[in-house]
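File shown: run02.txt. Contents: compact mmCIF, C-alpha atoms.
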# COMPACT_ATOMS: atom_id res chain seq x y z
CA MET A 557 -60.30 -34.85 36.11
CA ASN A 558 -59.01 -36.65 33.07
CA ALA A 559 -55.25 -36.19 32.62
CA GLU A 560 -55.93 -35.41 28.98
CA ASP A 561 -58.08 -32.36 29.82
CA LEU A 562 -56.49 -28.96 29.29
CA ILE A 563 -55.53 -27.17 32.47
CA ALA A 564 -57.03 -23.92 31.17
CA ASP A 565 -60.41 -25.63 30.66
CA ARG A 566 -60.80 -25.94 34.44
CA THR A 567 -60.61 -22.18 34.94
CA PRO A 568 -61.15 -20.53 31.56
CA LEU A 569 -59.37 -17.21 31.08
CA PRO A 570 -61.42 -13.98 31.24
CA GLU A 571 -63.24 -13.26 27.98
CA ALA A 572 -61.35 -9.98 27.67
CA ILE A 573 -58.23 -11.97 26.76
CA THR A 574 -58.55 -12.88 23.10
CA GLY A 575 -56.71 -13.86 19.94
CA ARG A 576 -53.08 -14.98 19.86
CA LEU A 577 -52.39 -14.02 23.46
CA ARG A 578 -55.30 -16.18 24.66
CA GLU A 579 -53.92 -19.20 22.77
CA GLN A 580 -50.44 -18.51 24.15
CA LEU A 581 -51.67 -18.31 27.75
CA VAL A 582 -53.67 -21.53 27.34
CA PHE A 583 -50.44 -23.18 26.14
CA LEU A 584 -48.49 -21.71 29.09
CA ALA A 585 -51.05 -23.09 31.53
CA GLU A 586 -50.89 -26.51 29.86
CA VAL A 587 -47.09 -26.78 30.01
CA ASP A 588 -47.28 -26.42 33.80
CA LYS A 589 -47.70 -30.22 33.57
CA LEU A 590 -43.96 -30.54 32.74
CA LYS A 591 -43.32 -29.87 36.44
CA THR A 592 -45.06 -33.17 37.24
CA VAL A 593 -43.16 -35.41 34.81
CA LEU A 594 -40.60 -37.25 36.91
CA ARG A 595 -37.25 -38.36 35.55
CA GLN A 596 -35.07 -41.15 36.92
CA SER A 597 -32.22 -38.88 38.03
CA PRO A 598 -31.91 -38.07 41.74
CA LEU A 599 -31.42 -34.42 42.71
CA ALA A 600 -28.09 -33.54 44.29
CA ALA A 601 -29.70 -31.05 46.69
CA ALA A 602 -32.64 -33.12 47.99
CA GLU A 603 -33.78 -36.71 48.47
CA ARG A 604 -36.13 -36.97 45.53
CA ARG A 605 -36.16 -37.46 41.79
CA GLU A 606 -35.85 -34.59 39.37
CA ASN A 607 -38.74 -33.41 37.23
CA ASP A 608 -38.59 -32.34 33.59
CA ALA A 609 -39.03 -28.61 34.24
CA GLU A 610 -36.13 -28.58 36.71
CA HIS A 611 -34.00 -30.59 34.29
CA SER A 612 -34.81 -28.23 31.40
CA TRP A 613 -33.89 -25.21 33.51
CA HIS A 614 -30.59 -26.81 34.51
CA LEU A 615 -29.74 -27.37 30.83
CA ALA A 616 -30.71 -23.79 29.98
CA LEU A 617 -28.11 -22.60 32.46
CA MET A 618 -25.48 -25.03 31.16
CA VAL A 619 -25.62 -23.53 27.68
CA PRO A 620 -24.18 -20.06 28.43
CA LEU A 621 -21.92 -21.60 31.07
CA LEU A 622 -20.35 -24.27 28.85
CA ALA A 623 -20.73 -22.89 25.31
CA GLU A 624 -16.98 -22.15 25.20
CA HIS A 625 -16.37 -25.92 25.11
CA SER A 626 -18.37 -26.48 21.91
CA ASP A 627 -16.17 -27.77 19.08
CA GLU A 628 -18.10 -25.57 16.64
CA PRO A 629 -19.29 -21.97 17.19
CA ILE A 630 -22.90 -21.89 18.45
CA ASP A 631 -25.59 -19.25 18.87
CA VAL A 632 -26.11 -19.36 22.63
CA GLY A 633 -29.62 -17.87 22.63
CA ARG A 634 -30.95 -20.28 20.04
CA THR A 635 -29.35 -23.22 21.84
CA ILE A 636 -31.07 -22.23 25.09
CA GLU A 637 -34.37 -22.13 23.20
CA LEU A 638 -33.78 -25.71 22.04
CA VAL A 639 -33.21 -27.06 25.55
CA VAL A 640 -36.12 -25.12 27.03
CA LEU A 641 -38.44 -26.80 24.50
CA HIS A 642 -36.85 -30.21 24.13
CA ASP A 643 -38.79 -32.15 26.77
CA LEU A 644 -42.25 -30.57 26.31
CA VAL A 645 -43.53 -33.61 24.42
CA GLU A 646 -43.09 -35.66 27.60
CA ILE A 647 -46.14 -33.87 29.03
CA TYR A 648 -48.22 -36.37 27.04
CA ALA A 649 -45.63 -39.01 26.07
CA GLY A 650 -44.02 -39.37 29.52
CA ASP A 651 -40.33 -39.69 30.31
CA THR A 652 -38.58 -42.61 28.62
CA PRO A 653 -35.55 -43.56 30.75
CA LEU A 654 -32.27 -43.71 28.84
CA TYR A 655 -31.73 -47.31 29.89
CA ASP A 656 -35.31 -48.53 29.16
CA ASP A 657 -34.85 -50.42 25.87
CA ALA A 658 -38.49 -51.57 25.77
CA GLY A 659 -39.82 -48.05 26.25
CA ARG A 660 -37.55 -46.73 23.54
CA VAL A 661 -39.15 -48.91 20.84
CA ASP A 662 -42.24 -46.71 20.35
CA GLN A 663 -40.77 -43.56 21.88
CA GLN A 664 -40.59 -41.63 18.63
CA GLN A 665 -44.19 -42.42 17.66
CA ARG A 666 -45.51 -41.41 21.09
CA GLU A 667 -43.53 -38.19 21.08
CA GLU A 668 -44.58 -37.19 17.56
CA ALA A 669 -48.24 -37.56 18.55
CA ALA A 670 -47.61 -35.52 21.69
CA ALA A 671 -45.90 -32.77 19.67
CA ASP A 672 -48.87 -32.57 17.28
CA ARG A 673 -51.26 -32.19 20.18
CA LEU A 674 -49.28 -29.79 22.38
CA PHE A 675 -47.87 -27.47 19.73
CA GLY A 676 -51.30 -27.54 18.07
CA LEU A 677 -52.56 -25.31 20.90
CA LEU A 678 -50.44 -22.45 19.53
CA PRO A 679 -51.09 -19.96 16.71
CA ALA A 680 -50.08 -21.71 13.46
CA ASP A 681 -46.82 -19.82 12.91
CA GLN A 682 -45.63 -20.56 16.44
CA ARG A 683 -46.82 -24.16 16.23
CA ASP A 684 -44.59 -24.59 13.18
CA ARG A 685 -41.67 -22.74 14.75
CA PHE A 686 -41.72 -24.66 18.03
CA ARG A 687 -42.16 -27.92 16.18
CA ALA A 688 -39.20 -27.12 13.93
CA ARG A 689 -37.06 -26.36 16.99
CA TRP A 690 -38.00 -29.70 18.55
CA ASP A 691 -37.26 -31.54 15.30
CA GLU A 692 -33.92 -29.74 15.12
CA PHE A 693 -33.02 -30.90 18.63
CA GLU A 694 -34.00 -34.48 17.90
CA SER A 695 -32.18 -34.76 14.58
CA ARG A 696 -28.96 -33.05 15.74
CA GLY A 697 -28.45 -31.51 12.29
CA THR A 698 -27.00 -28.20 13.55
CA PRO A 699 -24.13 -27.27 15.89
CA GLU A 700 -26.72 -25.82 18.29
CA ALA A 701 -28.74 -29.04 18.36
CA ARG A 702 -25.61 -31.15 18.84
CA PHE A 703 -24.52 -29.01 21.76
CA ALA A 704 -28.03 -29.04 23.26
CA LYS A 705 -28.08 -32.84 23.08
CA ALA A 706 -24.62 -33.00 24.65
CA VAL A 707 -25.62 -30.97 27.72
CA ASP A 708 -28.79 -33.09 27.95
CA ARG A 709 -26.49 -36.11 28.36
CA VAL A 710 -23.91 -34.46 30.63
CA GLN A 711 -26.40 -33.18 33.21
CA PRO A 712 -27.70 -36.57 34.48
CA LEU A 713 -24.11 -37.85 34.46
CA LEU A 714 -23.20 -35.11 36.93
CA LEU A 715 -26.27 -35.92 39.08
CA ASN A 716 -25.39 -39.63 39.05
CA TRP A 717 -21.84 -38.83 40.09
CA LEU A 718 -23.07 -36.63 42.96
CA ALA A 719 -25.48 -39.41 44.03
CA ARG A 720 -22.62 -41.94 43.87
CA GLY A 721 -24.46 -44.09 41.38
CA GLY A 722 -28.03 -42.96 40.80
CA THR A 723 -29.42 -44.52 37.63
CA TRP A 724 -26.03 -46.12 36.91
CA ARG A 725 -27.23 -48.74 39.40
CA THR A 726 -30.16 -49.76 37.16
CA PRO A 727 -30.07 -53.59 36.85
CA GLY A 728 -28.29 -54.65 33.66
CA VAL A 729 -26.50 -51.35 33.16
CA THR A 730 -22.70 -51.45 32.97
CA ALA A 731 -20.03 -48.79 32.45
CA GLU A 732 -19.96 -49.87 28.80
CA THR A 733 -23.71 -49.23 28.44
CA VAL A 734 -23.27 -45.79 29.95
CA ARG A 735 -20.34 -44.94 27.65
CA ALA A 736 -22.33 -46.05 24.60
CA ARG A 737 -25.39 -43.98 25.53
CA LYS A 738 -23.26 -40.93 26.28
CA ALA A 739 -20.97 -41.06 23.22
CA VAL A 740 -23.19 -38.48 21.52
CA ILE A 741 -21.54 -35.88 23.77
CA GLY A 742 -18.40 -36.35 21.66
CA GLU A 743 -20.27 -35.13 18.56
CA ALA A 744 -20.41 -31.65 20.09
CA SER A 745 -17.51 -31.19 22.46
CA ALA A 746 -14.21 -32.98 22.98
CA PRO A 747 -13.62 -31.42 26.45
CA LEU A 748 -17.10 -32.35 27.68
CA TRP A 749 -16.69 -35.89 26.39
CA ASP A 750 -13.33 -36.14 28.17
CA ALA A 751 -14.97 -34.98 31.41
CA ALA A 752 -17.90 -37.37 30.93
CA ARG A 753 -15.53 -40.31 30.49
CA ALA A 754 -13.58 -39.26 33.57
CA LEU A 755 -16.82 -39.40 35.60
CA ILE A 756 -17.78 -42.80 34.20
CA ASP A 757 -14.27 -44.29 34.53
CA GLU A 758 -13.89 -43.13 38.11
CA GLY A 759 -17.47 -44.24 38.93
CA GLU A 760 -16.60 -47.67 37.59
CA ARG A 761 -13.40 -47.81 39.68
CA ARG A 762 -15.39 -46.97 42.79
CA GLY A 763 -18.08 -49.58 42.05
CA TRP A 764 -20.86 -47.03 41.47
CA VAL A 765 -21.52 -48.61 38.06
CA GLU A 766 -20.89 -52.25 37.18
CA SER A 767 -17.93 -53.20 35.00
CA MET B 1114 -24.43 -31.35 56.58
CA ASN B 1115 -24.33 -27.58 56.84
CA ALA B 1116 -26.57 -25.90 54.24
CA GLU B 1117 -23.69 -23.56 53.49
CA ASP B 1118 -21.43 -26.41 52.35
CA LEU B 1119 -20.89 -26.80 48.64
CA ILE B 1120 -22.70 -29.76 47.07
CA ALA B 1121 -19.57 -30.70 45.12
CA ASP B 1122 -17.55 -30.93 48.36
CA ARG B 1123 -19.57 -33.99 49.38
CA THR B 1124 -18.46 -35.94 46.32
CA PRO B 1125 -15.48 -34.13 44.80
CA LEU B 1126 -15.12 -34.46 41.04
CA PRO B 1127 -12.46 -36.82 39.65
CA GLU B 1128 -8.99 -35.25 39.63
CA ALA B 1129 -8.84 -35.64 35.85
CA ILE B 1130 -11.35 -32.78 35.53
CA THR B 1131 -9.38 -29.55 35.94
CA GLY B 1132 -9.28 -25.83 35.23
CA ARG B 1133 -12.28 -23.83 34.04
CA LEU B 1134 -14.45 -26.86 33.38
CA ARG B 1135 -13.94 -28.07 36.95
CA GLU B 1136 -15.07 -24.69 38.35
CA GLN B 1137 -18.05 -24.70 36.00
CA LEU B 1138 -19.16 -28.19 37.04
CA VAL B 1139 -18.81 -27.29 40.74
CA PHE B 1140 -21.08 -24.29 40.04
CA LEU B 1141 -23.58 -26.52 38.17
CA ALA B 1142 -23.70 -28.94 41.09
CA GLU B 1143 -24.25 -26.07 43.52
CA VAL B 1144 -27.15 -24.53 41.59
CA ASP B 1145 -29.04 -27.81 41.94
CA LYS B 1146 -30.14 -26.17 45.22
CA LEU B 1147 -32.45 -23.86 43.24
CA LYS B 1148 -34.77 -26.87 42.85
CA THR B 1149 -35.32 -26.81 46.62
CA VAL B 1150 -36.18 -23.10 47.00
CA LEU B 1151 -39.96 -22.97 47.33
CA ARG B 1152 -42.02 -20.03 46.12
CA GLN B 1153 -45.49 -19.07 47.33
CA SER B 1154 -47.23 -19.79 44.02
CA PRO B 1155 -49.24 -23.00 43.71
CA LEU B 1156 -48.68 -25.15 40.62
CA ALA B 1157 -51.60 -25.46 38.22
CA ALA B 1158 -50.82 -29.12 37.48
CA ALA B 1159 -50.31 -30.48 41.02
CA GLU B 1160 -51.23 -29.78 44.63
CA ARG B 1161 -47.98 -28.24 45.79
CA ARG B 1162 -46.01 -25.03 45.65
CA GLU B 1163 -43.68 -24.17 42.80
CA ASN B 1164 -39.92 -24.12 43.21
CA ASP B 1165 -37.52 -21.59 41.72
CA ALA B 1166 -36.07 -23.89 39.06
CA GLU B 1167 -39.54 -24.72 37.74
CA HIS B 1168 -40.48 -21.05 37.79
CA SER B 1169 -37.30 -20.06 35.93
CA TRP B 1170 -37.95 -22.68 33.27
CA HIS B 1171 -41.52 -21.47 32.79
CA LEU B 1172 -40.24 -17.91 32.25
CA ALA B 1173 -37.61 -19.16 29.79
CA LEU B 1174 -40.42 -20.63 27.70
CA MET B 1175 -42.52 -17.46 27.96
CA VAL B 1176 -39.82 -15.36 26.34
CA PRO B 1177 -39.87 -16.86 22.82
CA LEU B 1178 -43.62 -17.42 23.14
CA LEU B 1179 -44.55 -13.85 24.09
CA ALA B 1180 -41.70 -11.73 22.68
CA GLU B 1181 -44.01 -10.46 19.94
CA HIS B 1182 -45.92 -8.51 22.61
CA SER B 1183 -42.89 -6.50 23.76
CA ASP B 1184 -43.35 -2.77 23.13
CA GLU B 1185 -39.68 -2.52 22.12
CA PRO B 1186 -37.70 -5.01 19.98
CA ILE B 1187 -35.81 -7.50 22.14
CA ASP B 1188 -33.06 -10.05 21.62
CA VAL B 1189 -34.89 -13.25 22.54
CA GLY B 1190 -31.81 -15.32 23.36
CA ARG B 1191 -30.34 -12.72 25.67
CA THR B 1192 -33.70 -12.27 27.40
CA ILE B 1193 -33.93 -16.02 28.06
CA GLU B 1194 -30.45 -15.87 29.59
CA LEU B 1195 -31.66 -13.16 31.97
CA VAL B 1196 -34.62 -15.18 33.23
CA VAL B 1197 -32.60 -18.38 33.55
CA LEU B 1198 -30.18 -16.55 35.87
CA HIS B 1199 -32.48 -14.14 37.67
CA ASP B 1200 -33.39 -16.25 40.71
CA LEU B 1201 -30.02 -17.94 41.35
CA VAL B 1202 -29.24 -15.63 44.27
CA GLU B 1203 -32.21 -17.14 46.12
CA ILE B 1204 -30.13 -20.30 46.64
CA TYR B 1205 -28.51 -18.46 49.55
CA ALA B 1206 -30.86 -15.49 50.06
CA GLY B 1207 -34.12 -17.48 49.94
CA ASP B 1208 -37.34 -16.49 48.20
CA THR B 1209 -38.80 -13.15 49.32
CA PRO B 1210 -42.56 -13.25 48.66
CA LEU B 1211 -43.88 -10.29 46.62
CA TYR B 1212 -46.33 -9.37 49.37
CA ASP B 1213 -43.85 -9.71 52.28
CA ASP B 1214 -43.05 -6.08 53.09
CA ALA B 1215 -40.86 -6.97 56.09
CA GLY B 1216 -38.76 -9.42 54.07
CA ARG B 1217 -38.30 -6.88 51.32
CA VAL B 1218 -36.49 -4.41 53.59
CA ASP B 1219 -33.12 -6.19 53.52
CA GLN B 1220 -33.77 -8.20 50.35
CA GLN B 1221 -31.26 -6.33 48.22
CA GLN B 1222 -28.47 -6.66 50.78
CA ARG B 1223 -29.09 -10.40 51.23
CA GLU B 1224 -29.19 -10.97 47.49
CA GLU B 1225 -26.03 -8.98 46.79
CA ALA B 1226 -24.13 -11.10 49.30
CA ALA B 1227 -25.56 -14.25 47.74
CA ALA B 1228 -24.51 -13.10 44.27
CA ASP B 1229 -20.95 -12.47 45.46
CA ARG B 1230 -20.75 -15.95 46.94
CA LEU B 1231 -22.45 -17.96 44.19
CA PHE B 1232 -20.99 -16.25 41.12
CA GLY B 1233 -17.63 -16.26 42.90
CA LEU B 1234 -17.44 -20.01 42.22
CA LEU B 1235 -17.01 -19.28 38.51
CA PRO B 1236 -13.92 -18.35 36.47
CA ALA B 1237 -13.50 -14.56 36.86
CA ASP B 1238 -14.75 -13.59 33.38
CA GLN B 1239 -17.91 -15.64 33.80
CA ARG B 1240 -18.39 -14.42 37.36
CA ASP B 1241 -18.43 -10.86 36.01
CA ARG B 1242 -20.65 -11.72 33.06
CA PHE B 1243 -23.27 -13.59 35.11
CA ARG B 1244 -23.22 -10.87 37.74
CA ALA B 1245 -23.73 -8.20 35.06
CA ARG B 1246 -26.68 -10.13 33.67
CA TRP B 1247 -28.26 -10.34 37.12
CA ASP B 1248 -27.67 -6.61 37.73
CA GLU B 1249 -29.23 -5.90 34.33
CA PHE B 1250 -32.35 -7.87 35.24
CA GLU B 1251 -32.69 -6.13 38.59
CA SER B 1252 -32.20 -2.59 37.30
CA ARG B 1253 -34.46 -2.96 34.22
CA GLY B 1254 -32.22 -0.65 32.20
CA THR B 1255 -32.62 -2.48 28.88
CA PRO B 1256 -35.64 -3.61 26.84
CA GLU B 1257 -34.57 -7.23 27.48
CA ALA B 1258 -34.49 -6.71 31.26
CA ARG B 1259 -37.84 -4.92 31.23
CA PHE B 1260 -39.44 -7.77 29.30
CA ALA B 1261 -37.80 -10.39 31.54
CA LYS B 1262 -39.19 -8.63 34.63
CA ALA B 1263 -42.63 -8.44 32.99
CA VAL B 1264 -42.84 -12.20 32.37
CA ASP B 1265 -41.57 -12.75 35.92
CA ARG B 1266 -44.68 -10.85 37.11
CA VAL B 1267 -47.15 -12.35 34.62
CA GLN B 1268 -46.34 -15.99 35.38
CA PRO B 1269 -47.51 -16.07 39.05
CA LEU B 1270 -50.57 -14.06 38.02
CA LEU B 1271 -51.52 -16.86 35.65
CA LEU B 1272 -50.88 -19.50 38.36
CA ASN B 1273 -53.00 -17.53 40.85
CA TRP B 1274 -55.81 -17.28 38.33
CA LEU B 1275 -55.68 -21.03 37.65
CA ALA B 1276 -55.69 -21.68 41.44
CA ARG B 1277 -58.66 -19.31 41.83
CA GLY B 1278 -56.79 -17.12 44.26
CA GLY B 1279 -53.45 -18.58 45.30
CA THR B 1280 -51.28 -15.92 46.90
CA TRP B 1281 -53.94 -13.27 46.16
CA ARG B 1282 -55.57 -14.64 49.31
CA THR B 1283 -52.59 -13.58 51.49
CA PRO B 1284 -54.03 -11.64 54.49
CA GLY B 1285 -53.91 -7.89 53.88
CA VAL B 1286 -53.55 -8.20 50.10
CA THR B 1287 -56.20 -6.46 47.97
CA ALA B 1288 -56.75 -6.10 44.23
CA GLU B 1289 -55.14 -2.67 44.52
CA THR B 1290 -52.01 -4.16 46.13
CA VAL B 1291 -51.77 -6.68 43.30
CA ARG B 1292 -52.23 -4.01 40.62
CA ALA B 1293 -49.50 -1.86 42.22
CA ARG B 1294 -47.02 -4.74 42.44
CA LYS B 1295 -47.74 -5.81 38.85
CA ALA B 1296 -47.66 -2.36 37.22
CA VAL B 1297 -44.06 -2.99 36.15
CA ILE B 1298 -45.49 -5.26 33.42
CA GLY B 1299 -46.71 -2.08 31.71
CA GLU B 1300 -43.11 -0.84 31.35
CA ALA B 1301 -42.48 -3.65 28.85
CA SER B 1302 -45.72 -4.58 27.15
CA ALA B 1303 -49.10 -2.90 26.77
CA PRO B 1304 -50.87 -6.12 25.68
CA LEU B 1305 -49.47 -8.14 28.61
CA TRP B 1306 -50.44 -5.41 31.05
CA ASP B 1307 -53.96 -5.38 29.58
CA ALA B 1308 -54.18 -9.14 30.04
CA ALA B 1309 -52.78 -8.92 33.57
CA ARG B 1310 -55.39 -6.35 34.53
CA ALA B 1311 -58.13 -8.51 33.01
CA LEU B 1312 -57.03 -11.39 35.26
CA ILE B 1313 -56.92 -9.17 38.37
CA ASP B 1314 -60.21 -7.39 37.61
CA GLU B 1315 -62.07 -10.62 36.96
CA GLY B 1316 -60.43 -12.26 40.00
CA GLU B 1317 -61.67 -9.35 42.10
CA ARG B 1318 -65.20 -9.68 40.68
CA ARG B 1319 -65.22 -13.35 41.59
CA GLY B 1320 -63.94 -12.72 45.11
CA TRP B 1321 -60.58 -14.48 44.57
CA VAL B 1322 -58.81 -11.32 45.75
CA GLU B 1323 -60.25 -8.78 48.20
CA SER B 1324 -61.49 -5.41 46.96

Take the structure in the file and give it back as structure tokens.
Amino acid sequence: MNAEDLIADRTPLPEAITGRLREQLVFLAEVDKLKTVLRQSPLAAAERRENDAEHSWHLALMVPLLAEHSDEPIDVGRTIELVVLHDLVEIYAGDTPLYDDAGRVDQQQREEAAADRLFGLLPADQRDRFRARWDEFESRGTPEARFAKAVDRVQPLLLNWLARGGTWRTPGVTAETVRARKAVIGEASAPLWDAARALIDEGERRGWVES
Amino acid sequence: MNAEDLIADRTPLPEAITGRLREQLVFLAEVDKLKTVLRQSPLAAAERRENDAEHSWHLALMVPLLAEHSDEPIDVGRTIELVVLHDLVEIYAGDTPLYDDAGRVDQQQREEAAADRLFGLLPADQRDRFRARWDEFESRGTPEARFAKAVDRVQPLLLNWLARGGTWRTPGVTAETVRARKAVIGEASAPLWDAARALIDEGERRGWVES
């Protein structure tokens, strides 16, 4: 089948399921594809790369666990919603590695088109709500979005540490590159940024990332 | 290595990371194991079985998407927290398939021991809070827990439908067995229970589950 086909078109839902719930279940079937979008990060618990659904779940758990370290008060529930949604656009736009400068050139355009298409499967009010949440995450205009972005940057750092290098070993990447890409953590949480720098500094000392 | 060893013990965190945050990061490293716990359900988007982290993420997305169908008002953020946490005990207790009557005999005992061990990695206040959330999910004493349990039962139903059978084809399982195991959906949402029965009824008509 064509990768662009909807999953629910292969086995259409029973006709008895109608209206908003039918649209919502078609969307839920379609987002199963997030489980097939591979990231660069290696798992700590197995010898394979992480996928976007696993990553999003890990972030969702980080929010209630680490919210106490946010510099500003945050609504935990709303922040979890942001991280659960934040990578959905990669179903059509693919994962753009943090250290892939070429891929990052047209990333925004690809992801906007993906958001139009994916969220367009939903009832209009939910399409607008989910889209607004995704925009909020991307623009980091709220304490919740800043904290969501911070945990999105801390999580692969922890996986790289546990893998003793991981994507830090990408050719051309140095400890300075990593610090620059991760500085956004400091917009949300001083303690998390301190911990992130401790991981990078010690990784550099051990030769897991180039100086 | 022994499967019982902590992931963080293989590559201990830098000494500069101390206190609560250190315990929290050790916990976050350990829960990476959830990505390796396989469930019975087949993915819709790929030819393999789903793992617990992917499943938990899918539920976390279902909550804001389907909350409008809850028979009682629910706090969406708190309900997402419940589903994000609900399968963590399977890191040590393993997945117990819904149609595995033998495995279900000592399931509660195994999962209680796993909860003690896993949540015990956390600072005491968070240990108690996460444990309380898990107990809440299991006992279905709140509208949030009832809705969380309902989406936990709807999601594999949708995957089985999309797979044209999936675990419905387990030897000894009939449409009646499936209806009995899924009836808990009706405690939280009449529209979701209607949709669930439509999937089972039509699956039975098509021979994807035995009569």

Within 6 Å of chain B, which residues of chain A show up? Give each one with its shortest atom-to-atom distance in Å (one decimal) and the two atoms involved, counting all atoms listed in the file, rows by chain then rising residue number, as CSV.
residue,atom,partner,partner_atom,distance
A:Thr567,CA,B:Leu1275,CA,5.7
A:Ile573,CA,B:Ala1308,CA,5.9
A:Asp588,CA,B:Ala1158,CA,5.8
A:Lys589,CA,B:Ala1158,CA,5.1
A:Ala601,CA,B:Lys1146,CA,5.1
A:Ala609,CA,B:Glu1167,CA,5.3
A:Glu610,CA,B:Ala1166,CA,5.2
A:Trp613,CA,B:Trp1170,CA,4.8
A:Gly633,CA,B:Gly1190,CA,3.4
A:Leu718,CA,B:Thr1124,CA,5.7
A:Ala751,CA,B:Ile1130,CA,5.9

The residue from A:His642, A:Arg605, A:Arg725, A:Arg683 with the smallest atom-to-atom distance to A:Asp708, counting all atoms listed in the file, is A:His642

Calculate how many Å separate atom CA of A:Thr723 from atom CA of A:Ser597, rounding to one decimal.
-> 6.3 Å

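Between atom CA of B:Gly1299 and atom CA of B:Ala1258 the separation is 13.1 Å.
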
Kindly provide, as JSON, the centre and edge lengths (Å, one decimal) of an axis-aligned box around all atoms of stretch 1239-1250 of chain B given in the file, with 6 Å on each side.
{"center_x": -25.1, "center_y": -10.8, "center_z": 35.4, "size_x": 26.4, "size_y": 21.7, "size_z": 16.7}

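Atom CA of A:Arg604 lies 26.6 Å from atom CA of A:Arg666.
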